[in-house]
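Okay, entry28.cif is below, mmCIF, C-alpha atoms:
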data_input
#
loop_
_atom_site.label_atom_id
_atom_site.label_comp_id
_atom_site.auth_asym_id
_atom_site.auth_seq_id
_atom_site.Cartn_x
_atom_site.Cartn_y
_atom_site.Cartn_z
CA MET A 1 3.84 -17.60 -19.47
CA PRO A 2 6.05 -14.88 -17.91
CA PRO A 3 6.74 -14.85 -14.15
CA THR A 4 3.60 -13.57 -12.43
CA LEU A 5 2.14 -12.89 -9.00
CA ASP A 6 -1.48 -13.24 -7.89
CA ALA A 7 -3.22 -9.96 -7.07
CA VAL A 8 -6.62 -8.39 -6.50
CA ILE A 9 -7.51 -4.97 -7.90
CA LEU A 10 -10.39 -2.52 -7.60
CA PRO A 11 -10.75 -1.30 -11.19
CA GLY A 12 -14.03 0.49 -10.54
CA TRP A 13 -12.24 3.30 -8.70
CA MET A 14 -9.56 3.74 -11.36
CA GLU A 15 -9.76 6.16 -14.26
CA ARG A 16 -10.40 4.55 -17.62
CA ASN A 17 -6.87 5.10 -18.96
CA GLU A 18 -5.32 4.04 -15.65
CA ALA A 19 -7.37 0.84 -15.55
CA THR A 20 -6.95 -0.17 -19.19
CA THR A 21 -3.20 0.52 -19.09
CA TYR A 22 -2.85 -1.53 -15.91
CA LEU A 23 -4.87 -4.41 -17.30
CA GLN A 24 -2.93 -4.49 -20.56
CA LYS A 25 0.58 -3.61 -19.42
CA MET A 26 0.88 -4.79 -15.82
CA CYS A 27 -1.38 -7.85 -15.91
CA TRP A 28 -1.02 -11.08 -17.84
CA PHE A 29 -3.94 -12.49 -19.84
CA ASP A 30 -3.88 -15.31 -22.37
CA PRO A 31 -4.74 -14.13 -24.93
CA PRO A 32 -3.87 -10.48 -24.18
CA LEU A 33 -6.80 -8.11 -23.74
CA THR A 34 -7.67 -5.91 -26.68
CA ASP A 35 -8.36 -2.21 -26.09
CA GLN A 36 -12.09 -2.89 -26.33
CA GLN A 37 -11.96 -5.83 -23.91
CA ALA A 38 -9.94 -3.89 -21.34
CA GLU A 39 -12.31 -0.93 -21.50
CA ALA A 40 -15.38 -3.16 -21.26
CA LEU A 41 -13.92 -4.92 -18.22
CA TRP A 42 -13.20 -1.59 -16.53
CA ALA A 43 -16.66 -0.23 -17.39
CA ARG A 44 -18.34 -3.24 -15.77
CA TYR A 45 -16.66 -2.52 -12.42
CA ARG A 46 -17.06 1.25 -12.73
CA ASP A 47 -20.82 0.77 -13.12
CA ARG A 48 -20.90 -1.36 -9.98
CA VAL A 49 -19.09 1.34 -8.01
CA GLN A 50 -21.40 4.05 -9.31
CA GLY A 51 -24.35 1.90 -8.30
CA LEU A 52 -23.25 1.68 -4.67
CA PRO A 53 -25.36 3.53 -2.09
CA LYS A 54 -23.79 6.57 -0.49
CA ARG A 55 -21.51 5.59 2.35
CA ASN A 56 -21.76 7.11 5.78
CA ILE A 57 -18.05 7.50 6.50
CA GLU A 58 -17.23 8.08 10.13
CA PRO A 59 -13.84 7.87 11.85
CA PRO A 60 -13.21 4.25 12.89
CA VAL A 61 -13.59 3.45 16.54
CA ARG A 62 -10.20 3.70 18.24
CA LEU A 63 -9.97 0.94 20.80
CA PRO A 64 -7.63 0.82 23.81
CA ILE A 65 -4.24 -0.77 23.31
CA ALA A 66 -4.34 -4.35 24.63
CA PRO A 67 -2.17 -4.93 27.73
CA ALA A 68 -0.14 -7.54 25.85
CA ASP A 69 0.77 -4.93 23.22
CA GLN A 70 1.52 -1.98 25.46
CA GLN A 71 5.23 -2.64 25.93
CA HIS A 72 5.91 -2.98 22.21
CA VAL A 73 3.83 0.12 21.48
CA SER A 74 5.80 2.07 24.11
CA ASP A 75 9.10 0.87 22.62
CA PHE A 76 7.91 1.84 19.13
CA LEU A 77 6.84 5.33 20.18
CA ALA A 78 10.04 5.87 22.16
CA LYS A 79 12.02 5.40 18.97
CA LYS A 80 9.65 6.54 16.21
CA ARG A 81 7.50 9.32 17.65
CA GLY A 82 8.41 12.53 15.90
CA PRO A 83 7.45 14.70 12.96
CA GLU A 84 5.87 11.79 11.06
CA VAL A 85 4.59 9.42 13.75
CA LEU A 86 2.02 11.16 15.94
CA ASP A 87 0.70 8.18 17.90
CA VAL A 88 -0.32 4.52 17.72
CA ILE A 89 -3.98 3.66 17.22
CA ASN A 90 -5.91 0.41 17.48
CA VAL A 91 -8.53 0.19 14.72
CA ASN A 92 -10.22 -2.27 12.38
CA PRO A 93 -8.42 -1.89 9.03
CA MET A 94 -11.57 -2.93 7.18
CA ASP A 95 -13.09 0.45 8.10
CA LEU A 96 -10.29 2.55 6.60
CA VAL A 97 -10.56 4.55 3.40
CA ILE A 98 -7.90 3.46 0.89
CA CYS A 99 -5.82 5.32 -1.69
CA GLN A 100 -4.37 2.22 -3.39
CA SER A 101 -6.36 -0.06 -5.70
CA VAL A 102 -4.03 -3.08 -5.85
CA VAL A 103 -2.96 -5.75 -3.36
CA ILE A 104 -0.47 -8.42 -4.42
CA THR A 105 -1.87 -11.45 -2.61
CA ASP A 106 1.36 -13.40 -3.00
CA VAL A 107 3.13 -10.66 -1.01
CA ALA A 108 0.35 -10.74 1.58
CA ASN A 109 0.92 -14.49 1.89
CA GLU A 110 4.48 -13.82 3.04
CA HIS A 111 3.21 -11.53 5.80
CA ALA A 112 0.69 -14.19 6.82
CA LEU A 113 3.62 -16.31 8.01
CA ASN A 114 3.86 -13.84 10.93
CA SER A 115 0.31 -14.61 12.02
CA GLY A 116 0.09 -14.31 15.79
CA ARG A 117 2.76 -11.59 15.95
CA TRP A 118 0.74 -8.86 14.28
CA THR A 119 1.80 -6.07 16.64
CA GLU A 120 5.48 -6.61 15.82
CA THR A 121 4.62 -7.04 12.12
CA PHE A 122 2.63 -3.80 11.95
CA LEU A 123 4.94 -1.71 14.14
CA VAL A 124 8.43 -2.59 12.96
CA ILE A 125 10.95 -0.81 15.18
CA ASN A 126 14.25 -1.81 13.57
CA ARG A 127 14.53 -2.50 9.87
CA PRO A 128 18.18 -3.35 9.22
CA ASN A 129 19.78 -2.46 5.91
CA ALA A 130 21.32 -5.56 4.35
CA GLN A 131 24.11 -5.48 1.79
CA LEU A 132 22.49 -5.04 -1.61
CA PRO A 133 23.66 -7.10 -4.59
CA SER A 134 25.33 -4.82 -7.13
CA ARG A 135 26.91 -5.00 -10.56
CA ILE A 136 28.39 -2.71 -13.21
CA GLU A 137 26.60 -2.85 -16.52
CA ASN A 138 26.63 -0.43 -19.46
CA GLU A 139 28.73 2.01 -17.44
CA MET A 140 26.06 2.04 -14.71
CA LEU A 141 26.32 0.89 -11.14
CA LYS A 142 23.17 -1.13 -10.51
CA PHE A 143 21.78 -2.21 -7.13
CA THR A 144 19.11 -4.92 -6.93
CA LEU A 145 16.49 -4.21 -4.27
CA PRO A 146 14.43 -6.86 -2.44
CA HIS A 147 11.34 -4.62 -2.68
CA ALA A 148 10.32 -1.12 -3.73
CA GLU A 149 10.39 0.46 -0.28
CA HIS A 150 13.87 1.96 -0.57
CA MET A 151 15.11 5.52 -0.81
CA CYS A 152 18.37 7.32 -1.49
CA GLU A 153 19.79 9.95 0.83
CA ILE A 154 23.04 11.74 1.56
CA LYS A 155 23.90 11.82 5.26
CA ASN A 156 27.13 13.24 6.68
CA GLY A 157 28.58 13.28 3.18
CA GLN A 158 27.75 9.62 2.55
CA PHE A 159 25.42 8.32 -0.16
CA LEU A 160 23.03 5.77 1.36
CA ILE A 161 20.33 3.45 0.07
CA LYS A 162 17.91 2.84 2.93
CA GLN A 163 14.73 0.88 3.44
CA GLY A 164 11.56 2.78 4.19
CA ALA A 165 10.14 3.04 7.68
CA GLY A 166 8.53 -0.40 7.59
CA TYR A 167 5.49 0.24 9.77
CA VAL A 168 1.82 0.30 8.86
CA ALA A 169 0.35 3.81 9.03
CA ALA A 170 -2.92 5.64 8.60
CA VAL A 171 -3.36 9.37 8.07
CA GLU A 172 -6.30 11.73 8.49
CA LEU A 173 -7.77 13.42 5.43
CA GLN A 174 -10.41 15.97 6.41
CA GLY A 175 -11.82 13.75 9.13
CA ARG A 176 -11.48 10.47 7.24
CA LEU A 177 -8.84 7.94 8.20
CA VAL A 178 -6.92 6.74 5.14
CA LEU A 179 -4.58 3.77 5.06
CA LYS A 180 -1.23 5.24 4.00
CA THR A 181 1.15 2.26 4.07
CA GLY A 182 1.01 -1.46 4.84
CA TYR A 183 -1.68 -2.67 2.44
CA HIS A 184 -0.28 -6.19 2.17
CA ARG A 185 0.06 -6.63 5.92
CA CYS A 186 -3.47 -5.32 6.46
CA PHE A 187 -4.77 -7.71 3.80
CA ALA A 188 -3.01 -10.66 5.44
CA PHE A 189 -4.37 -9.68 8.86
CA ALA A 190 -7.95 -9.05 7.68
CA ARG A 191 -8.00 -12.31 5.74
CA ALA A 192 -6.79 -14.22 8.81
CA VAL A 193 -9.55 -12.66 10.90
CA ARG A 194 -12.16 -13.49 8.27
CA ASN A 195 -10.97 -17.09 8.04
CA THR A 196 -11.01 -17.63 11.81
CA PRO A 197 -13.35 -14.98 13.24
CA GLU A 198 -13.57 -16.76 16.59
CA ALA A 199 -9.80 -16.63 17.05
CA GLY A 200 -8.93 -12.98 16.74
CA ASP A 201 -9.87 -9.37 17.38
CA PRO A 202 -10.61 -7.56 14.08
CA SER A 203 -8.67 -4.49 15.27
CA VAL A 204 -4.91 -4.08 15.08
CA VAL A 205 -2.36 -1.44 16.05
CA MET A 206 -0.80 0.91 13.49
CA ALA A 207 0.91 4.27 13.46
CA LEU A 208 -1.01 7.51 13.05
CA ALA A 209 1.00 9.53 10.54
CA ALA A 210 1.19 13.29 10.16
CA ASN A 211 1.87 13.64 6.45
CA LEU A 212 -0.31 12.68 3.51
CA PRO A 213 1.23 10.47 0.81
CA ALA A 214 2.56 12.47 -2.13
CA HIS A 215 -0.31 11.48 -4.42
CA LEU A 216 -2.86 13.04 -2.02
CA LEU A 217 -1.21 16.42 -1.43
CA PRO A 218 -3.77 19.18 -2.05
CA ASN A 219 -1.52 21.58 -3.97
CA LEU A 220 -0.92 19.27 -6.94
CA PRO A 221 -3.54 19.44 -9.73
CA GLU A 222 -3.01 15.80 -10.74
CA ASN A 223 -4.11 14.70 -7.25
CA GLN A 224 -7.51 16.35 -7.29
CA ARG A 225 -9.45 13.44 -8.81
CA LEU A 226 -8.25 10.96 -6.18
CA ARG A 227 -8.85 13.43 -3.35
CA THR A 228 -12.36 14.06 -4.69
CA ILE A 229 -13.09 10.33 -4.69
CA LEU A 230 -11.75 9.79 -1.16
CA LEU A 231 -13.74 12.75 0.16
CA GLY A 232 -16.84 11.92 -1.88
CA PRO A 233 -19.95 9.87 -1.08
CA ARG A 234 -18.53 6.51 -2.27
CA PRO A 235 -14.86 6.30 -1.30
CA PRO A 236 -13.15 2.92 -1.54
CA LEU A 237 -12.77 1.09 1.76
CA PHE A 238 -10.30 -1.61 2.69
CA SER A 239 -13.22 -4.02 3.09
CA ASP A 240 -13.85 -3.66 -0.66
CA PHE A 241 -10.82 -5.88 -1.31
CA PHE A 242 -12.97 -8.73 0.06
CA ASP A 243 -16.11 -7.95 -1.97
CA PRO A 244 -16.26 -10.33 -4.96
CA ASP A 245 -18.48 -7.90 -6.87
CA LEU A 246 -15.89 -5.12 -6.67
CA THR A 247 -12.58 -6.97 -6.89
CA LEU A 248 -10.95 -8.55 -9.89
CA ALA A 249 -8.41 -11.33 -9.37
CA VAL A 250 -5.53 -10.98 -11.82
CA LYS A 251 -2.01 -12.18 -12.44
CA VAL A 252 0.45 -9.29 -12.50
CA ARG A 253 3.80 -9.43 -14.22
CA LYS A 254 6.56 -9.91 -11.69
CA LYS A 255 8.88 -6.92 -11.43
CA ARG A 256 12.40 -6.42 -10.17
CA TYR A 257 13.39 -3.16 -8.50
CA GLU A 258 16.78 -1.61 -9.09
CA ILE A 259 18.61 1.64 -8.46
CA HIS A 260 20.91 2.73 -11.29
CA ILE A 261 23.73 5.22 -10.75
CA GLY A 262 25.64 6.65 -13.68
CA MET A 263 28.24 9.33 -14.35
CA HIS A 264 27.74 11.87 -17.12
CA THR A 265 29.73 14.77 -18.47
CA ILE A 266 27.97 18.09 -18.92
CA ASP A 267 29.08 21.43 -20.27
CA GLU A 268 30.08 24.08 -17.79
CA PRO A 269 27.56 26.93 -17.76
#
Could you express the structure from this file as structure tokens?
Amino acid sequence: MPPTLDAVILPGWMERNEATTYLQKMCWFDPPLTDQQAEALWARYRDRVQGLPKRNIEPPVRLPIAPADQQHVSDFLAKKRGPEVLDVINVNPMDLVICQSVVITDVANEHALNSGRWTETFLVINRPNAQLPSRIENEMLKFTLPHAEHMCEIKNGQFLIKQGAGYVAAVELQGRLVLKTGYHRCFAFARAVRNTPEAGDPSVVMALAANLPAHLLPNLPENQRLRTILLGPRPPLFSDFFDPDLTLAVKVRKKRYEIHIGMHTIDEP
């Protein structure tokens, strides 16, 4: 058995090719799924989604920021408010529309260790950049990343590899509030609330972002199917990750993330 992680997916909202490719290439089954088995599995969940009643999607109720959270929220906004971060909102993540069909539950388990400090976990102010392990291999400089949320940039003439913002964010899409980032933290939080409903408020603070994720931008033809689903009568909600009729528990093949930098010679024009 290869190294794997536990995950839950919502195959009913995927396209057929997307779902069958994910099930066969990204997931581990013993024995491996045939093309017919993967398609049949996807079709079963697609039929369940199509059988759902129309959903009355309204903007989630935005609750006041709790007094205990106000100082951290103020500190976060003092540093992060700008072109991308518009505000901080306090909402129930279960009510949010989602644009991602996979949650790696093993990753969510790591965030669950911060239970009780959800405000600091959701609104990370400082995300330090640690020294990345590197090696030279096949004439390439290779950096090993701890997770996928890294980006490259050139600042003041320096080439930098930086972590992403690190906060949970939602964004508005034609009146609907869509979870943009922080799926694993939201899953850990929502699961904790479900397991001990008497112990916690189901709402949590997160950033309100200005910009849609790249795969929801309206001017790209390949994005139209997902936008149509999210704006349609049966969009996926975060609460669907906890519906046993809509979720499929799988083992996904563990991945390692790297940045490779190489030098090439090219002809002068």
Taking only C-alpha atoms into account, name the residue in A:Lys254, A:Arg55, A:Arg81, A:His264 that is nearest to Ala209 of chain A. A:Arg81
Protein, DNA and RNA residues within 6 Å of (0.7, -11.8, -5.4), only C-alpha atoms, as a ChimeraX atom specification: /A:5-7,104-107
May I have the protein, DNA and RNA residues with an atom at most 10 Å from (-16.4, -8.9, -6.9), counting only C-alpha atoms in the file's coordinates, returned as number ranges by chain? A: 8-10, 45, 48, 240-249
Taking into account only C-alpha atoms, which residue in the set A:Phe159, A:Phe143, A:Trp13, A:Phe122 is nearest to Cys186 of chain A?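 Of A:Phe159, A:Phe143, A:Trp13, A:Phe122, the one nearest Cys186 of chain A is A:Phe122, counting only C-alpha atoms.
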Report as an mmCIF file with C-alpha atoms, in the coordinates of the input the full result of the PyMOL selection byres ((chain A and resi 229) around 12) when it is applied to this structure.
data_model
loop_
_atom_site.group_PDB
_atom_site.id
_atom_site.type_symbol
_atom_site.label_atom_id
_atom_site.label_comp_id
_atom_site.auth_asym_id
_atom_site.auth_seq_id
_atom_site.Cartn_x
_atom_site.Cartn_y
_atom_site.Cartn_z
ATOM 1 C CA GLY A 12 -14.030 0.490 -10.540
ATOM 2 C CA TRP A 13 -12.240 3.300 -8.700
ATOM 3 C CA MET A 14 -9.560 3.740 -11.360
ATOM 4 C CA GLU A 15 -9.760 6.160 -14.260
ATOM 5 C CA VAL A 49 -19.090 1.340 -8.010
ATOM 6 C CA GLN A 50 -21.400 4.050 -9.310
ATOM 7 C CA ARG A 55 -21.510 5.590 2.350
ATOM 8 C CA VAL A 97 -10.560 4.550 3.400
ATOM 9 C CA ILE A 98 -7.900 3.460 0.890
ATOM 10 C CA CYS A 99 -5.820 5.320 -1.690
ATOM 11 C CA GLN A 100 -4.370 2.220 -3.390
ATOM 12 C CA LEU A 173 -7.770 13.420 5.430
ATOM 13 C CA LEU A 216 -2.860 13.040 -2.020
ATOM 14 C CA ASN A 223 -4.110 14.700 -7.250
ATOM 15 C CA GLN A 224 -7.510 16.350 -7.290
ATOM 16 C CA ARG A 225 -9.450 13.440 -8.810
ATOM 17 C CA LEU A 226 -8.250 10.960 -6.180
ATOM 18 C CA ARG A 227 -8.850 13.430 -3.350
ATOM 19 C CA THR A 228 -12.360 14.060 -4.690
ATOM 20 C CA LEU A 230 -11.750 9.790 -1.160
ATOM 21 C CA LEU A 231 -13.740 12.750 0.160
ATOM 22 C CA GLY A 232 -16.840 11.920 -1.880
ATOM 23 C CA PRO A 233 -19.950 9.870 -1.080
ATOM 24 C CA ARG A 234 -18.530 6.510 -2.270
ATOM 25 C CA PRO A 235 -14.860 6.300 -1.300
ATOM 26 C CA PRO A 236 -13.150 2.920 -1.540
ATOM 27 C CA LEU A 237 -12.770 1.090 1.760
#
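Atom CA of Val85 of chain A is found 24.1 Å from atom CA of Val103 of chain A.
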Counting all atoms listed in the file, what is within 9 Å of Pro133 of chain A, bar same-chain residues fewer than 2 positions away, as a PDB file with C-alpha atoms, in the coordinates of the input?
ATOM      1  CA  GLN A 131      24.110  -5.480   1.790  1.00  0.00           C
ATOM      2  CA  ARG A 135      26.910  -5.000 -10.560  1.00  0.00           C
ATOM      3  CA  LYS A 142      23.170  -1.130 -10.510  1.00  0.00           C
ATOM      4  CA  PHE A 143      21.780  -2.210  -7.130  1.00  0.00           C
ATOM      5  CA  THR A 144      19.110  -4.920  -6.930  1.00  0.00           C
ATOM      6  CA  LEU A 145      16.490  -4.210  -4.270  1.00  0.00           C
TER       7      LEU A 145
END
Picked residues, the PyMOL selection byres ((chain A and resi 75) around 12), as a VMD selection string: chain A and resid 69 to 74 76 to 81 88 119 to 120 123 to 126
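The residue that comes closest to Met206 of chain A, out of A:Asp47, A:Glu18, A:Asp87, A:Glu139 and on the basis of all atoms listed in the file, is A:Asp87.
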note - atom CA of Pro64 of chain A and atom CA of Pro202 of chain A are separated by 13.2 Å
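The neighbours of segment 35-38 of chain A here are the residues that come within 9 Å of it, using only C-alpha atoms and leaving out any residue fewer than 5 positions away in the same chain; they are A:Ala19, A:Thr20, A:Thr21, A:Leu23, A:Gln24, A:Ala43.
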Closest of A:Glu58, A:Glu222, A:Glu149, A:Asp201 to Tyr257 of chain A - atom-to-atom distances counting only C-alpha atoms: A:Glu149
